[in-house]
Amino acid sequence: MSNDGNKKQFWKRNAAKVPGSIQHVYGAQHPPFDPLLHANLIKAGNRPPPATPGKPKKATTFQEFESITSDAWDVGDDDDELLAMAAQNLNIEVVMETANKVIENHSKQQERQRQDDTTELERREEDTQEEVAEDEEEDEEEEEYRVGEGDVTSPEVSFASQSSPYTDGRLVKSQSEAPIGSPKDAAGEHAGLHRQRSLPHRPPVIPLVARMADQNTSGTPVMTEREASRLDKFKQLLAGPNTDLEKYIKAVPFNLHGNQFPPSSLHSWNAEELRKLSWSGIPRQVRPITWKLLSGYLPANAERRESVLQRKRQEYFGFIQQYYDSRNDEHHQDTYRQIQIDIPRMSPESLVLQPKVTEIFERILFIWAIRHPASGYVQGINDLVTPFFVVYVFEYIEEEVENFDVSSLQEEALRNIEADSFWCMSKLLDGIQDNYTFAQPGIQKKVKALEELVSRIDETVHLHMQQYEVEYLQFAFRWMNNLLMRELPLRCTIRLWDTYQAEPEGFSHFHLYVCAAFLVRWRKEILDERDFQGLMILLQNLPTMHWGNEEVSVLLAEAYRLKFAFADAPNHYKR
């Protein structure tokens, strides 16, 4: 059969493709097979027989096009035959010899690296031992000098001077007084650091919720004097008979029972004290109750808090009994299925993928969607559960949450965490529900306001993005929809929400200025990108993995400055 006949059969044979069939993807790893370039890989006996000469047919226009572009478009059965033939006829000896050489070279490099590491470690240990010996000699000389001078100390004082000042639980004044480990530990740390440097860009393990003063470090460090003082102020405010939230009460003059707050509660405490303290960050020990108060979930009157908690928790589980069985009904199954799809995409995976946590999140999101038919469930709402859930888990545990098995908590604690997370998330969404109604008009307005704001505060960045046709909606939609949760680590989100809850209209209004400050924060990196693709990759993958309390505090301070300059001056938006 002639070549034209083969081509005709080829196009007939491949005219109808099976949906979902796998096609070859040619690239660096799987280039198209070319018999001319790989002639030495094909045995002479396996070469295809020459085509039978026949009367050539007049090529049609389509056949001419097909012959010109056959190398680009032939991805059917003929390619399968060529690739299979090439795989069968490779010179096995050459391949095995090359593979053995690669393995041998790799083994030599590993052995050389191992010897270098061992030599470096031995050298560091010798240096450390020499330093320890010198320090001991100096200490002995000082002791002899003191005894010679008649400087006698009691056993108690001597013990206190020798023991570490950090083991007795006392407060330190600054981070520079952090405890120093033994020389042996130091040598181990140096060796570990050397091994980490040999790995490509291996990030250190950072806890989801670190301490208030420095969220860049792991473990349970010693509390500073300033932290202890702030914690005492929080405890004093929260332990009083009424925790006054005057600004919030003016905006929301009714409590959870629907009754107006009594005037006496407006003057029991300094009106701004709790919010002022919370704006700069809330200590982990009192964050759960402070969030419940600032969100309006708990009443200001301390005597009524326990009864309100019990009533609201019972009310939530009443919703579970009433609505949750309908999740597989025809009207609700699409909502429930979407929730099931979205939860595994959340972070942190080590927490969300625990079966007990997944079950809790499914109930919270489904009940909220059923009770809010105006918006229903929208992708992005699922992320807003996580900060509340993590904070309220810390009400019952001391360790970090990364590797904690939530199912090990008592059933009552799990029920309390679930109900409290549901109500506080509901309170948050009440203020930004237009972000999730049809066409999401709230987000559209905020993105437009962000564009106008950035054009005023940094025209160079604004024009640069315009030059490369980057629309704000393409990257800022997620910032508004998920409240920057996909851009920041969870520990930073929790610190950010401390301020959002302390700030009037924090989630709905102040968040706009945080987004503007966040965008301008990456000014240099944005201006370094010179094409649309580079800008979009940067803006959707900003390097914030190692951010902590300091970076978030600077971001919030800049956002407050922008709010102070622009919030009450709408004409500043105009040119």
# chains A, B, ... in the order shown; residues from 1 in each chain; ligands from 1
>>> closest_atom_pairs(of="stretch 393-426 of chain A", to="stretch 358-369 of chain A", cutoff="12 Å", atoms="only C-alpha atoms", output="Markdown table")
| residue | atom | partner | partner_atom | distance |
| --- | --- | --- | --- | --- |
| A:Val406 | CA | A:Thr358 | CA | 10.7 |
| A:Ser407 | CA | A:Ile360 | CA | 10.9 |
| A:Glu411 | CA | A:Ile360 | CA | 12.0 |
| A:Leu414 | CA | A:Ile360 | CA | 8.8 |
| A:Arg415 | CA | A:Ile360 | CA | 9.0 |
| A:Asn416 | CA | A:Ile360 | CA | 11.2 |
| A:Ile417 | CA | A:Ile360 | CA | 9.4 |
| A:Glu418 | CA | A:Ile360 | CA | 6.5 |
| A:Ala419 | CA | A:Ile364 | CA | 8.1 |
| A:Asp420 | CA | A:Ile364 | CA | 10.1 |
| A:Ser421 | CA | A:Ile364 | CA | 8.0 |
| A:Phe422 | CA | A:Ile364 | CA | 5.7 |
| A:Trp423 | CA | A:Ile364 | CA | 9.2 |
| A:Cys424 | CA | A:Ile364 | CA | 11.0 |
| A:Met425 | CA | A:Trp368 | CA | 9.0 |
| A:Ser426 | CA | A:Trp368 | CA | 7.3 |
>>> closest_residue(among="A:Leu277, A:Ala517, A:Met480, A:Val461", to="A:Leu556", atoms="only C-alpha atoms")
A:Ala517
>>> closest_residue(among="A:Val514, A:Ala300, A:Leu409, A:Leu562", to="A:Tyr500", atoms="only C-alpha atoms")
A:Val514
>>> select_by_dssp(residues="stretch 452-490 of chain A", states="alpha helix (DSSP H)", output="PyMOL selection string")
chain A and resi 452-457+459-467+472-481+490
>>> closest_atom_pairs(of="stretch 487-561 of chain A", to="stretch 388-394 of chain A", cutoff="12 Å", atoms="only C-alpha atoms", output="CSV")
residue,atom,partner,partner_atom,distance
A:Leu490,CA,A:Val390,CA,9.3
A:Arg491,CA,A:Val390,CA,9.8
A:Thr493,CA,A:Phe388,CA,10.6
A:Ile494,CA,A:Val391,CA,8.0
A:Arg495,CA,A:Val391,CA,10.7
A:Trp497,CA,A:Phe388,CA,9.8
A:Asp498,CA,A:Val391,CA,11.0
A:Gln501,CA,A:Phe388,CA,12.0
>>> residues_around(residues="A:Tyr436", least_positions_apart="2", cutoff="10 Å", atoms="only C-alpha atoms", output="PyMOL selection string")
chain A and resi 374-381+429+432-434+438-443+481
